[in-house]
file target.cif (mmCIF, C-alpha atoms)
data_model
#
loop_
_atom_site.label_atom_id
_atom_site.label_comp_id
_atom_site.auth_asym_id
_atom_site.auth_seq_id
_atom_site.Cartn_x
_atom_site.Cartn_y
_atom_site.Cartn_z
CA MET A 1 -1.08 2.80 46.66
CA PRO A 2 1.48 0.07 45.85
CA ILE A 3 4.34 1.13 43.60
CA GLN A 4 3.48 -1.43 40.88
CA THR A 5 -0.14 -0.27 40.79
CA THR A 6 1.01 3.33 40.46
CA LYS A 7 3.32 2.41 37.56
CA ARG A 8 0.50 0.57 35.79
CA ALA A 9 -1.82 3.52 36.25
CA LEU A 10 0.77 5.91 34.84
CA LEU A 11 1.39 3.58 31.89
CA CYS A 12 -2.31 3.30 31.12
CA ALA A 13 -2.70 7.06 31.33
CA THR A 14 0.24 7.55 29.00
CA LEU A 15 -1.12 5.08 26.46
CA ALA A 16 -4.54 6.68 26.59
CA PHE A 17 -3.06 10.12 26.04
CA THR A 18 -0.99 8.84 23.13
CA ALA A 19 -4.04 7.25 21.52
CA LEU A 20 -5.97 10.50 21.82
CA SER A 21 -3.20 12.83 20.77
CA GLY A 22 -0.97 10.61 18.62
CA THR A 23 -1.93 12.06 15.25
CA PRO A 24 -1.32 15.72 16.20
CA ALA A 25 1.93 14.74 17.89
CA LEU A 26 3.04 12.81 14.82
CA ALA A 27 2.16 15.73 12.58
CA GLN A 28 4.13 18.17 14.75
CA THR A 29 7.29 16.08 14.70
CA PHE A 30 7.03 14.64 11.18
CA PRO A 31 9.47 13.94 9.75
CA ASP A 32 12.02 13.23 12.46
CA LYS A 33 13.81 10.44 10.57
CA PRO A 34 14.55 9.53 6.92
CA ILE A 35 11.67 8.79 4.54
CA THR A 36 11.80 5.86 2.11
CA MET A 37 10.53 6.47 -1.41
CA ILE A 38 9.71 3.14 -3.03
CA VAL A 39 10.30 3.07 -6.80
CA PRO A 40 8.88 -0.19 -8.21
CA PHE A 41 11.52 -0.63 -10.91
CA ALA A 42 15.25 -1.27 -11.10
CA ALA A 43 17.79 1.47 -10.44
CA GLY A 44 18.90 3.44 -13.46
CA GLY A 45 15.54 3.38 -15.23
CA PRO A 46 13.35 6.37 -16.11
CA THR A 47 11.03 6.21 -13.10
CA ASP A 48 14.04 5.83 -10.83
CA THR A 49 15.56 8.94 -12.42
CA VAL A 50 12.41 10.99 -11.80
CA GLY A 51 12.19 9.66 -8.24
CA ARG A 52 15.75 10.65 -7.38
CA ILE A 53 15.31 14.17 -8.74
CA TYR A 54 12.18 14.70 -6.66
CA ALA A 55 13.71 13.00 -3.60
CA GLN A 56 16.56 15.51 -3.67
CA SER A 57 14.20 18.49 -3.69
CA MET A 58 11.85 17.03 -1.07
CA THR A 59 14.84 16.29 1.18
CA ALA A 60 15.79 19.97 1.15
CA PHE A 61 12.23 21.00 2.01
CA LEU A 62 11.53 18.42 4.73
CA LYS A 63 15.01 18.64 6.33
CA GLN A 64 15.13 14.85 6.38
CA GLN A 65 16.65 12.51 3.83
CA VAL A 66 14.24 11.02 1.29
CA ILE A 67 15.91 7.75 0.30
CA VAL A 68 14.98 5.97 -2.93
CA GLU A 69 14.61 2.20 -2.61
CA ASN A 70 14.12 0.13 -5.76
CA VAL A 71 11.65 -2.75 -5.44
CA GLY A 72 11.39 -4.05 -9.01
CA GLY A 73 9.42 -6.90 -10.53
CA ALA A 74 6.01 -7.82 -11.94
CA GLY A 75 5.51 -4.55 -13.79
CA GLY A 76 5.69 -2.48 -10.62
CA THR A 77 3.12 -4.47 -8.65
CA LEU A 78 5.62 -5.90 -6.14
CA GLY A 79 6.64 -2.45 -4.99
CA ALA A 80 3.02 -1.27 -4.94
CA ALA A 81 1.96 -4.24 -2.80
CA ARG A 82 4.73 -3.51 -0.31
CA VAL A 83 3.61 0.10 0.07
CA ALA A 84 -0.04 -0.92 0.42
CA ARG A 85 0.98 -3.09 3.40
CA SER A 86 3.16 -0.40 5.00
CA GLU A 87 2.27 1.56 8.10
CA PRO A 88 0.54 4.85 7.19
CA ASN A 89 2.90 7.16 9.04
CA GLY A 90 4.48 9.11 6.17
CA TYR A 91 7.83 7.36 6.31
CA THR A 92 7.04 5.15 3.31
CA ILE A 93 5.99 6.86 0.10
CA PHE A 94 5.62 5.54 -3.41
CA LEU A 95 6.53 6.95 -6.83
CA HIS A 96 4.91 5.07 -9.72
CA HIS A 97 3.94 5.83 -13.29
CA ILE A 98 1.07 4.99 -15.64
CA GLY A 99 1.37 1.35 -14.56
CA GLN A 100 -0.66 2.15 -11.44
CA SER A 101 -3.67 2.57 -13.72
CA THR A 102 -3.06 -0.46 -15.94
CA ALA A 103 -2.39 -3.04 -13.21
CA PRO A 104 -6.08 -3.60 -12.31
CA ALA A 105 -6.81 -4.81 -15.85
CA LEU A 106 -3.53 -6.64 -16.46
CA TYR A 107 -3.25 -8.57 -13.20
CA ARG A 108 -6.20 -10.71 -12.17
CA LYS A 109 -4.83 -11.47 -8.69
CA LEU A 110 -3.62 -8.13 -7.37
CA THR A 111 -3.22 -8.10 -3.59
CA TYR A 112 -4.19 -4.42 -3.42
CA ASN A 113 -6.69 -1.98 -4.89
CA ALA A 114 -4.80 0.52 -7.03
CA ALA A 115 -7.27 3.34 -6.39
CA ASP A 116 -8.37 2.72 -2.81
CA ASP A 117 -5.38 1.27 -0.94
CA PHE A 118 -3.20 4.37 -1.22
CA THR A 119 -3.30 7.98 -0.09
CA PRO A 120 -2.79 10.17 -3.17
CA ILE A 121 -0.20 12.94 -2.76
CA GLY A 122 -0.10 14.36 -6.28
CA LEU A 123 0.98 14.05 -9.88
CA VAL A 124 4.67 14.63 -10.57
CA ALA A 125 5.56 14.73 -14.29
CA ASP A 126 4.46 13.71 -17.77
CA VAL A 127 7.32 12.11 -19.70
CA PRO A 128 7.45 11.60 -23.50
CA MET A 129 8.69 8.30 -24.91
CA THR A 130 11.14 7.50 -27.68
CA LEU A 131 11.47 4.63 -30.13
CA VAL A 132 15.14 3.63 -30.00
CA ALA A 133 17.32 0.78 -31.25
CA ARG A 134 20.80 -0.57 -30.86
CA LYS A 135 23.42 1.62 -32.49
CA ASP A 136 24.00 -0.68 -35.48
CA PHE A 137 20.34 -1.43 -36.24
CA PRO A 138 20.02 -1.38 -40.07
CA ALA A 139 16.95 0.89 -40.44
CA LYS A 140 17.82 4.54 -41.11
CA ASP A 141 14.50 6.18 -40.17
CA LEU A 142 11.10 5.33 -38.71
CA LYS A 143 9.55 4.21 -41.99
CA GLU A 144 12.48 1.87 -42.61
CA LEU A 145 12.20 0.62 -39.02
CA ILE A 146 8.54 -0.27 -39.51
CA ALA A 147 9.25 -2.01 -42.81
CA TYR A 148 12.20 -3.92 -41.36
CA VAL A 149 10.26 -5.04 -38.29
CA GLN A 150 7.30 -6.19 -40.39
CA THR A 151 9.62 -8.18 -42.66
CA HIS A 152 11.78 -9.68 -39.89
CA LYS A 153 9.23 -9.89 -37.10
CA ASP A 154 10.26 -13.44 -36.16
CA LYS A 155 13.85 -12.36 -35.58
CA VAL A 156 13.53 -8.84 -34.14
CA THR A 157 13.60 -8.58 -30.34
CA TYR A 158 11.77 -5.89 -28.39
CA ALA A 159 12.84 -5.13 -24.79
CA ASN A 160 10.47 -3.95 -22.08
CA ALA A 161 10.28 -3.65 -18.30
CA GLY A 162 7.63 -6.33 -17.88
CA VAL A 163 3.88 -6.58 -18.34
CA GLY A 164 2.15 -3.34 -17.39
CA SER A 165 5.26 -1.19 -17.63
CA ALA A 166 5.27 1.91 -19.82
CA SER A 167 7.65 0.23 -22.26
CA HIS A 168 5.29 -2.74 -22.51
CA LEU A 169 2.28 -0.50 -23.17
CA CYS A 170 4.16 1.44 -25.83
CA GLY A 171 5.26 -1.81 -27.47
CA MET A 172 1.73 -3.16 -27.35
CA LEU A 173 0.42 -0.04 -29.13
CA LEU A 174 3.27 -0.22 -31.65
CA MET A 175 2.63 -3.86 -32.53
CA SER A 176 -1.06 -3.07 -32.95
CA ALA A 177 -0.27 -0.10 -35.19
CA ILE A 178 2.10 -1.98 -37.50
CA LYS A 179 0.18 -5.28 -37.27
CA ALA A 180 3.16 -7.37 -36.25
CA ASP A 181 3.73 -9.58 -33.21
CA LEU A 182 7.31 -9.34 -32.02
CA THR A 183 9.50 -11.41 -29.75
CA THR A 184 9.48 -9.49 -26.47
CA VAL A 185 12.20 -9.70 -23.85
CA PRO A 186 10.96 -8.61 -20.38
CA TYR A 187 13.26 -7.15 -17.70
CA LYS A 188 12.76 -5.95 -14.12
CA GLY A 189 13.15 -2.39 -15.36
CA THR A 190 14.26 -0.43 -18.40
CA GLY A 191 17.59 0.28 -16.68
CA PRO A 192 18.83 -3.29 -17.29
CA ALA A 193 16.95 -3.35 -20.61
CA MET A 194 18.90 -0.30 -21.72
CA ASN A 195 22.15 -1.99 -20.72
CA ASP A 196 21.34 -4.90 -23.04
CA LEU A 197 20.31 -2.53 -25.82
CA LEU A 198 23.66 -0.76 -25.49
CA GLY A 199 25.38 -4.14 -25.61
CA GLY A 200 23.44 -5.25 -28.68
CA GLN A 201 21.69 -8.16 -26.94
CA VAL A 202 18.26 -6.82 -27.98
CA ASP A 203 17.21 -4.85 -31.05
CA PHE A 204 14.95 -2.02 -29.96
CA MET A 205 12.61 -0.66 -27.33
CA CYS A 206 10.26 2.21 -26.52
CA ASP A 207 11.36 4.11 -23.44
CA GLN A 208 10.95 7.40 -21.64
CA THR A 209 13.15 10.37 -22.50
CA THR A 210 14.44 10.36 -18.91
CA ASN A 211 16.22 7.10 -19.75
CA THR A 212 17.12 7.65 -23.40
CA THR A 213 18.10 11.31 -23.85
CA GLY A 214 21.64 10.95 -22.53
CA GLN A 215 22.30 7.80 -24.58
CA ILE A 216 20.86 9.39 -27.74
CA LYS A 217 22.96 12.53 -27.37
CA ALA A 218 26.06 10.43 -26.76
CA GLY A 219 25.38 8.50 -29.97
CA LYS A 220 25.22 5.17 -28.12
CA ILE A 221 21.78 4.22 -29.45
CA LYS A 222 19.78 5.09 -32.55
CA ALA A 223 16.60 7.18 -32.10
CA TYR A 224 13.70 7.00 -34.56
CA ALA A 225 10.83 9.02 -33.11
CA VAL A 226 9.26 10.68 -30.08
CA THR A 227 5.71 9.72 -29.10
CA THR A 228 4.34 13.23 -28.56
CA LYS A 229 2.37 15.43 -30.97
CA THR A 230 5.22 17.95 -31.06
CA LYS A 231 8.99 17.65 -30.96
CA VAL A 232 10.81 17.39 -27.63
CA ALA A 233 12.96 20.44 -26.89
CA SER A 234 15.93 18.42 -25.63
CA LEU A 235 15.84 16.19 -28.75
CA PRO A 236 15.10 18.68 -31.56
CA ASP A 237 16.42 16.42 -34.32
CA ILE A 238 14.19 13.45 -33.46
CA PRO A 239 10.98 13.37 -35.55
CA VAL A 240 7.45 12.88 -34.25
CA ALA A 241 6.00 9.39 -34.76
CA ASP A 242 2.55 10.72 -35.65
CA THR A 243 3.73 12.48 -38.81
CA ASN A 244 6.49 10.09 -39.82
CA GLY A 245 4.87 6.74 -40.38
CA LEU A 246 2.71 6.11 -37.31
CA PRO A 247 -0.35 8.37 -37.59
CA GLY A 248 -2.19 8.78 -34.29
CA PHE A 249 0.59 7.12 -32.32
CA GLU A 250 0.88 9.07 -29.08
CA ILE A 251 1.76 8.06 -25.52
CA ALA A 252 3.18 9.99 -22.59
CA VAL A 253 4.00 8.49 -19.21
CA TRP A 254 2.63 10.25 -16.16
CA HIS A 255 4.22 9.78 -12.74
CA ALA A 256 2.63 10.32 -9.34
CA LEU A 257 3.37 10.15 -5.63
CA TYR A 258 1.39 8.10 -3.09
CA ALA A 259 1.50 6.94 0.52
CA PRO A 260 -0.28 4.01 2.21
CA LYS A 261 -4.01 4.22 2.84
CA ASN A 262 -5.28 6.08 5.94
CA LEU A 263 -2.32 8.46 6.17
CA PRO A 264 -3.21 11.14 8.76
CA LYS A 265 -4.15 14.34 6.96
CA PRO A 266 -1.61 16.56 8.80
CA VAL A 267 1.19 14.23 7.66
CA ALA A 268 -0.22 14.06 4.14
CA ASP A 269 -0.35 17.86 4.07
CA LYS A 270 3.38 18.03 4.82
CA LEU A 271 4.16 15.63 1.99
CA VAL A 272 1.92 17.61 -0.36
CA ALA A 273 3.76 20.79 0.65
CA ALA A 274 7.08 19.07 -0.12
CA LEU A 275 5.78 17.99 -3.54
CA GLN A 276 4.50 21.50 -4.25
CA HIS A 277 7.97 22.81 -3.42
CA ALA A 278 9.54 20.26 -5.79
CA VAL A 279 7.38 21.02 -8.83
CA LYS A 280 8.33 24.70 -8.48
CA ASP A 281 12.00 24.02 -7.72
CA PRO A 282 14.34 25.47 -10.44
CA MET A 283 16.70 22.52 -9.91
CA VAL A 284 13.91 20.03 -10.65
CA LYS A 285 12.78 22.01 -13.68
CA GLN A 286 16.29 22.16 -15.11
CA LYS A 287 17.10 18.49 -14.54
CA LEU A 288 13.82 17.37 -16.07
CA ALA A 289 14.26 19.77 -19.01
CA ASP A 290 17.64 18.18 -19.72
CA LEU A 291 15.80 14.85 -19.92
CA GLY A 292 13.06 16.05 -22.24
CA THR A 293 10.25 16.73 -19.79
CA GLU A 294 9.03 19.09 -17.06
CA PRO A 295 7.17 19.01 -13.73
CA VAL A 296 3.38 19.12 -13.74
CA ALA A 297 1.64 22.41 -12.96
CA PRO A 298 1.17 22.91 -9.18
CA ALA A 299 -2.61 22.49 -9.56
CA ARG A 300 -2.03 18.88 -10.65
CA ALA A 301 0.39 18.11 -7.80
CA THR A 302 -2.48 17.68 -5.32
CA PRO A 303 -4.33 14.70 -3.80
CA ALA A 304 -7.67 15.61 -5.39
CA ALA A 305 -6.18 16.02 -8.87
CA LEU A 306 -4.33 12.70 -8.65
CA ASP A 307 -7.30 10.77 -7.26
CA GLN A 308 -9.60 11.96 -10.05
CA PHE A 309 -6.98 11.42 -12.75
CA LEU A 310 -5.99 7.94 -11.56
CA ARG A 311 -9.59 6.71 -11.52
CA SER A 312 -10.21 8.04 -15.03
CA GLU A 313 -6.99 6.40 -16.28
CA ILE A 314 -8.00 3.04 -14.77
CA VAL A 315 -11.28 3.20 -16.71
CA LYS A 316 -9.48 4.16 -19.95
CA TRP A 317 -6.76 1.51 -19.80
CA THR A 318 -9.09 -1.23 -18.63
CA ARG A 319 -11.08 -0.76 -21.82
CA ILE A 320 -7.96 -0.75 -24.03
CA ILE A 321 -6.36 -3.78 -22.35
CA LYS A 322 -9.53 -5.87 -22.41
CA GLN A 323 -9.98 -5.11 -26.10
CA ALA A 324 -6.39 -6.23 -26.72
CA GLY A 325 -6.89 -9.37 -24.62
CA VAL A 326 -3.57 -8.92 -22.81
CA TYR A 327 -3.12 -10.29 -19.29
CA ALA A 328 -0.17 -10.85 -16.99
CA ASP A 329 -1.41 -14.13 -15.57
#
call {"tool": "encode", "arguments": {"input": "target.cif", "output": "structure tokens"}}
result
Amino acid sequence: MPIQTTKRALLCATLAFTALSGTPALAQTFPDKPITMIVPFAAGGPTDTVGRIYAQSMTAFLKQQVIVENVGGAGGTLGAARVARSEPNGYTIFLHHIGQSTAPALYRKLTYNAADDFTPIGLVADVPMTLVARKDFPAKDLKELIAYVQTHKDKVTYANAGVGSASHLCGMLLMSAIKADLTTVPYKGTGPAMNDLLGGQVDFMCDQTTNTTGQIKAGKIKAYAVTTKTKVASLPDIPVADTNGLPGFEIAVWHALYAPKNLPKPVADKLVAALQHAVKDPMVKQKLADLGTEPVAPARATPAALDQFLRSEIVKWTRIIKQAGVYAD
């Protein structure tokens, strides 16, 4: 047999073997290089903070670096679209928050299906939010804040991370509750929004404790309320909105981990195992506790739990957003 024919035959045989056995081989070696965790908001924001804490723990478990890459813009949809187009090999994963469930109602021209174009890995954390303002904002407490905003609604500026972000949703609920339309200032993430709040360029915002706790404790911003039914352990002096002027006002921001659609199950299982390790990791628990939150229970850090929860959240927020008549385009 000619040499070239022999080489072609060997190549064909190799390719055929790879096609038949590629998934098991990938699962056995995965991961053999760094993994990129896409966070769809700017660095320094609350989702970025959660992502970096989990990336550190997952790195230790997987023995490969999990690198956070920030792909901000359009309320998280730019980063989500990039992940949806990525190769399903486990080397691109995606940490997003409640915005994954609001995007289908807010954006009429999404290039992906929020529920069906991703492989769910599991829920990560539920994070309370805080109503905060620049340090020299005149209102002394939440009731004064509401009264001031209602009186000066044409002059007060409210910062958020763009349509569909958690800060936007919180602001939307707040404006509905106090019956006042405010001038909103959108950013690519609440990291840069916080920078402008610290600098006094905007008046107030509603943001997750993972982004506000340190600034509140340092006295760099003024805190008015937390958005949970009970006080937050790391912020014991901050009152609850529900009982201090905003009855029924409650919102927490859940975060979850995904991969592209059609991820091989053996690879997904390794990522799930890494997430399970992280939610039980004392380091993760301590760092999140310092920021006013905690990991989800292990039973929620699973693909089935996330898939069911995400679909129910899409139904819930679609109803709320349509009633409000809010759209991104």
call {"tool": "residues_around", "arguments": {"input": "target.cif", "residues": "range 118-135 of chain A", "least_positions_apart": "5", "cutoff": "8 Å", "atoms": "all atoms listed in the file", "output": "number ranges by chain"}}
result
A: 84, 197-200, 202-210, 212, 219-228, 232, 251-263, 268, 271-272, 275, 279, 292-296, 300-307
call {"tool": "write_last_selection", "arguments": {"input": "target.cif", "atoms": "C-alpha atoms", "output": "mmCIF file, keeping the file's coordinate frame"}}
result
data_model
loop_
_atom_site.group_PDB
_atom_site.id
_atom_site.type_symbol
_atom_site.label_atom_id
_atom_site.label_comp_id
_atom_site.auth_asym_id
_atom_site.auth_seq_id
_atom_site.Cartn_x
_atom_site.Cartn_y
_atom_site.Cartn_z
ATOM 1 C CA ALA A 84 -0.040 -0.920 0.420
ATOM 2 C CA LEU A 197 20.310 -2.530 -25.820
ATOM 3 C CA LEU A 198 23.660 -0.760 -25.490
ATOM 4 C CA GLY A 199 25.380 -4.140 -25.610
ATOM 5 C CA GLY A 200 23.440 -5.250 -28.680
ATOM 6 C CA VAL A 202 18.260 -6.820 -27.980
ATOM 7 C CA ASP A 203 17.210 -4.850 -31.050
ATOM 8 C CA PHE A 204 14.950 -2.020 -29.960
ATOM 9 C CA MET A 205 12.610 -0.660 -27.330
ATOM 10 C CA CYS A 206 10.260 2.210 -26.520
ATOM 11 C CA ASP A 207 11.360 4.110 -23.440
ATOM 12 C CA GLN A 208 10.950 7.400 -21.640
ATOM 13 C CA THR A 209 13.150 10.370 -22.500
ATOM 14 C CA THR A 210 14.440 10.360 -18.910
ATOM 15 C CA THR A 212 17.120 7.650 -23.400
ATOM 16 C CA GLY A 219 25.380 8.500 -29.970
ATOM 17 C CA LYS A 220 25.220 5.170 -28.120
ATOM 18 C CA ILE A 221 21.780 4.220 -29.450
ATOM 19 C CA LYS A 222 19.780 5.090 -32.550
ATOM 20 C CA ALA A 223 16.600 7.180 -32.100
ATOM 21 C CA TYR A 224 13.700 7.000 -34.560
ATOM 22 C CA ALA A 225 10.830 9.020 -33.110
ATOM 23 C CA VAL A 226 9.260 10.680 -30.080
ATOM 24 C CA THR A 227 5.710 9.720 -29.100
ATOM 25 C CA THR A 228 4.340 13.230 -28.560
ATOM 26 C CA VAL A 232 10.810 17.390 -27.630
ATOM 27 C CA ILE A 251 1.760 8.060 -25.520
ATOM 28 C CA ALA A 252 3.180 9.990 -22.590
ATOM 29 C CA VAL A 253 4.000 8.490 -19.210
ATOM 30 C CA TRP A 254 2.630 10.250 -16.160
ATOM 31 C CA HIS A 255 4.220 9.780 -12.740
ATOM 32 C CA ALA A 256 2.630 10.320 -9.340
ATOM 33 C CA LEU A 257 3.370 10.150 -5.630
ATOM 34 C CA TYR A 258 1.390 8.100 -3.090
ATOM 35 C CA ALA A 259 1.500 6.940 0.520
ATOM 36 C CA PRO A 260 -0.280 4.010 2.210
ATOM 37 C CA LYS A 261 -4.010 4.220 2.840
ATOM 38 C CA ASN A 262 -5.280 6.080 5.940
ATOM 39 C CA LEU A 263 -2.320 8.460 6.170
ATOM 40 C CA ALA A 268 -0.220 14.060 4.140
ATOM 41 C CA LEU A 271 4.160 15.630 1.990
ATOM 42 C CA VAL A 272 1.920 17.610 -0.360
ATOM 43 C CA LEU A 275 5.780 17.990 -3.540
ATOM 44 C CA VAL A 279 7.380 21.020 -8.830
ATOM 45 C CA GLY A 292 13.060 16.050 -22.240
ATOM 46 C CA THR A 293 10.250 16.730 -19.790
ATOM 47 C CA GLU A 294 9.030 19.090 -17.060
ATOM 48 C CA PRO A 295 7.170 19.010 -13.730
ATOM 49 C CA VAL A 296 3.380 19.120 -13.740
ATOM 50 C CA ARG A 300 -2.030 18.880 -10.650
ATOM 51 C CA ALA A 301 0.390 18.110 -7.800
ATOM 52 C CA THR A 302 -2.480 17.680 -5.320
ATOM 53 C CA PRO A 303 -4.330 14.700 -3.800
ATOM 54 C CA ALA A 304 -7.670 15.610 -5.390
ATOM 55 C CA ALA A 305 -6.180 16.020 -8.870
ATOM 56 C CA LEU A 306 -4.330 12.700 -8.650
ATOM 57 C CA ASP A 307 -7.300 10.770 -7.260
#
call {"tool": "atom_distance", "arguments": {"input": "target.cif", "atom1": "CA of Lys63 in chain A", "atom2": "CA of Gln286 in chain A"}}
result
21.8 Å
call {"tool": "closest_residue", "arguments": {"input": "target.cif", "among": "A:Lys188, A:Lys270, A:Lys316, A:His96", "to": "Phe61 in chain A", "atoms": "only C-alpha atoms"}}
result
A:Lys270
call {"tool": "atom_distance", "arguments": {"input": "target.cif", "atom1": "CA of Asp136 in chain A", "atom2": "CA of Val156 in chain A"}}
result
13.3 Å
call {"tool": "resolve_selection", "arguments": {"input": "target.cif", "expression": "the PyMOL selection byres ((chain A and resi 75) around 6)", "output": "compact mmCIF listing (two decimals) with C-alpha atoms, keeping the file's coordinate frame"}}
result
# COMPACT_ATOMS: atom_id res chain seq x y z
CA GLY A 73 9.42 -6.90 -10.53
CA ALA A 74 6.01 -7.82 -11.94
CA GLY A 76 5.69 -2.48 -10.62
CA THR A 77 3.12 -4.47 -8.65
CA GLY A 162 7.63 -6.33 -17.88
CA VAL A 163 3.88 -6.58 -18.34
CA GLY A 164 2.15 -3.34 -17.39
CA SER A 165 5.26 -1.19 -17.63
call {"tool": "atom_distance", "arguments": {"input": "target.cif", "atom1": "CA of Pro104 in chain A", "atom2": "CA of Leu78 in chain A"}}
result
13.4 Å
call {"tool": "residues_around", "arguments": {"input": "target.cif", "residues": "Lys280 in chain A", "least_positions_apart": "2", "cutoff": "10 Å", "atoms": "only C-alpha atoms", "output": "compact mmCIF listing (two decimals) with C-alpha atoms, keeping the file's coordinate frame"}}
result
# COMPACT_ATOMS: atom_id res chain seq x y z
CA SER A 57 14.20 18.49 -3.69
CA LEU A 275 5.78 17.99 -3.54
CA GLN A 276 4.50 21.50 -4.25
CA HIS A 277 7.97 22.81 -3.42
CA ALA A 278 9.54 20.26 -5.79
CA PRO A 282 14.34 25.47 -10.44
CA MET A 283 16.70 22.52 -9.91
CA VAL A 284 13.91 20.03 -10.65
CA LYS A 285 12.78 22.01 -13.68
CA PRO A 295 7.17 19.01 -13.73
CA VAL A 296 3.38 19.12 -13.74
CA ALA A 297 1.64 22.41 -12.96
CA PRO A 298 1.17 22.91 -9.18
call {"tool": "resolve_selection", "arguments": {"input": "target.cif", "expression": "the PyMOL selection byres ((chain A and resi 49) around 10)", "output": "MDAnalysis selection string"}}
result
chainID A and resid 39 43:48 50:55 68 191 210:211 287:288 291
call {"tool": "closest_residue", "arguments": {"input": "target.cif", "among": "A:Lys109, A:Leu246, A:Tyr148, A:Pro40", "to": "Leu174 in chain A", "atoms": "all atoms listed in the file"}}
result
A:Leu246
call {"tool": "residues_near_point", "arguments": {"input": "target.cif", "point": "(8.4, 14.5, 9.0)", "cutoff": "10 Å", "atoms": "only C-alpha atoms", "output": "PyMOL selection string"}}
result
chain A and resi 26-35+62-65+89-91+267-268+270-271
call {"tool": "axis_aligned_box", "arguments": {"input": "target.cif", "around": "range 72-84 of chain A", "padding_each_side": "5 Å", "output": "lines of an AutoDock Vina configuration file"}}
result
center_x = 5.7
center_y = -3.9
center_z = -6.7
size_x = 21.4
size_y = 17.9
size_z = 24.2
call {"tool": "closest_residue", "arguments": {"input": "target.cif", "among": "A:Asn113, A:Lys265, A:Ile93, A:Ile321", "to": "His168 in chain A", "atoms": "only C-alpha atoms"}}
result
A:Ile321
call {"tool": "closest_residue", "arguments": {"input": "target.cif", "among": "A:Ile38, A:Ala115, A:Ala324, A:Ala103", "to": "Gly79 in chain A", "atoms": "all atoms listed in the file"}}
result
A:Ile38
call {"tool": "residues_around", "arguments": {"input": "target.cif", "residues": "Pro247 in chain A", "least_positions_apart": "5", "cutoff": "9 Å", "atoms": "only C-alpha atoms", "output": "PDB file with C-alpha atoms, in the frame of the given file"}}
result
ATOM      1  CA  ALA A 177      -0.270  -0.100 -35.190  1.00  0.00           C
ATOM      2  CA  ALA A 241       6.000   9.390 -34.760  1.00  0.00           C
ATOM      3  CA  ASP A 242       2.550  10.720 -35.650  1.00  0.00           C
TER       4      ASP A 242
END
call {"tool": "closest_residue", "arguments": {"input": "target.cif", "among": "A:Ala81, A:Phe94, A:Glu250, A:Gly99", "to": "Leu310 in chain A", "atoms": "all atoms listed in the file"}}
result
A:Gly99
call {"tool": "closest_residue", "arguments": {"input": "target.cif", "among": "A:Ala114, A:Val83, A:Cys170, A:Ala193", "to": "Val71 in chain A", "atoms": "only C-alpha atoms"}}
result
A:Val83
call {"tool": "resolve_selection", "arguments": {"input": "target.cif", "expression": "the PyMOL selection byres ((chain A and resi 105) around 9)", "output": "list in words"}}
result
Ser101, Thr102, Ala103, Pro104, Leu106, Tyr107, Arg108, Ile314, Trp317, Thr318, Arg319, Ile321, Lys322, Val326 and Tyr327 of chain A
call {"tool": "build_atoms", "arguments": {"input": "target.cif", "residues": "range 128-139 of chain A", "atoms": "N, CA and C atoms", "output": "tab-separated table (two decimals), in the frame of the given file"}}
result
chain	number	residue	atom	x	y	z
A	128	PRO	N	7.57	12.17	-22.15
A	128	PRO	CA	7.45	11.60	-23.50
A	128	PRO	C	8.24	10.30	-23.61
A	129	MET	N	7.95	9.52	-24.66
A	129	MET	CA	8.69	8.30	-24.91
A	129	MET	C	9.40	8.39	-26.25
A	130	THR	N	10.37	7.53	-26.44
A	130	THR	CA	11.14	7.50	-27.68
A	130	THR	C	11.24	6.07	-28.19
A	131	LEU	N	11.19	5.91	-29.51
A	131	LEU	CA	11.47	4.63	-30.13
A	131	LEU	C	12.95	4.60	-30.47
A	132	VAL	N	13.68	3.67	-29.84
A	132	VAL	CA	15.14	3.63	-30.00
A	132	VAL	C	15.58	2.20	-30.31
A	133	ALA	N	16.76	2.09	-30.90
A	133	ALA	CA	17.32	0.78	-31.25
A	133	ALA	C	18.81	0.75	-30.97
A	134	ARG	N	19.35	-0.46	-31.03
A	134	ARG	CA	20.80	-0.57	-30.86
A	134	ARG	C	21.50	0.26	-31.95
A	135	LYS	N	22.70	0.67	-31.64
A	135	LYS	CA	23.42	1.62	-32.49
A	135	LYS	C	23.57	1.15	-33.93
A	136	ASP	N	23.75	-0.16	-34.13
A	136	ASP	CA	24.00	-0.68	-35.48
A	136	ASP	C	22.75	-1.28	-36.13
A	137	PHE	N	21.57	-0.92	-35.62
A	137	PHE	CA	20.34	-1.43	-36.24
A	137	PHE	C	20.26	-0.92	-37.67
A	138	PRO	N	19.91	-1.77	-38.65
A	138	PRO	CA	20.02	-1.38	-40.07
A	138	PRO	C	19.08	-0.27	-40.54
A	139	ALA	N	17.90	-0.12	-39.95
A	139	ALA	CA	16.95	0.89	-40.44
A	139	ALA	C	17.46	2.31	-40.19
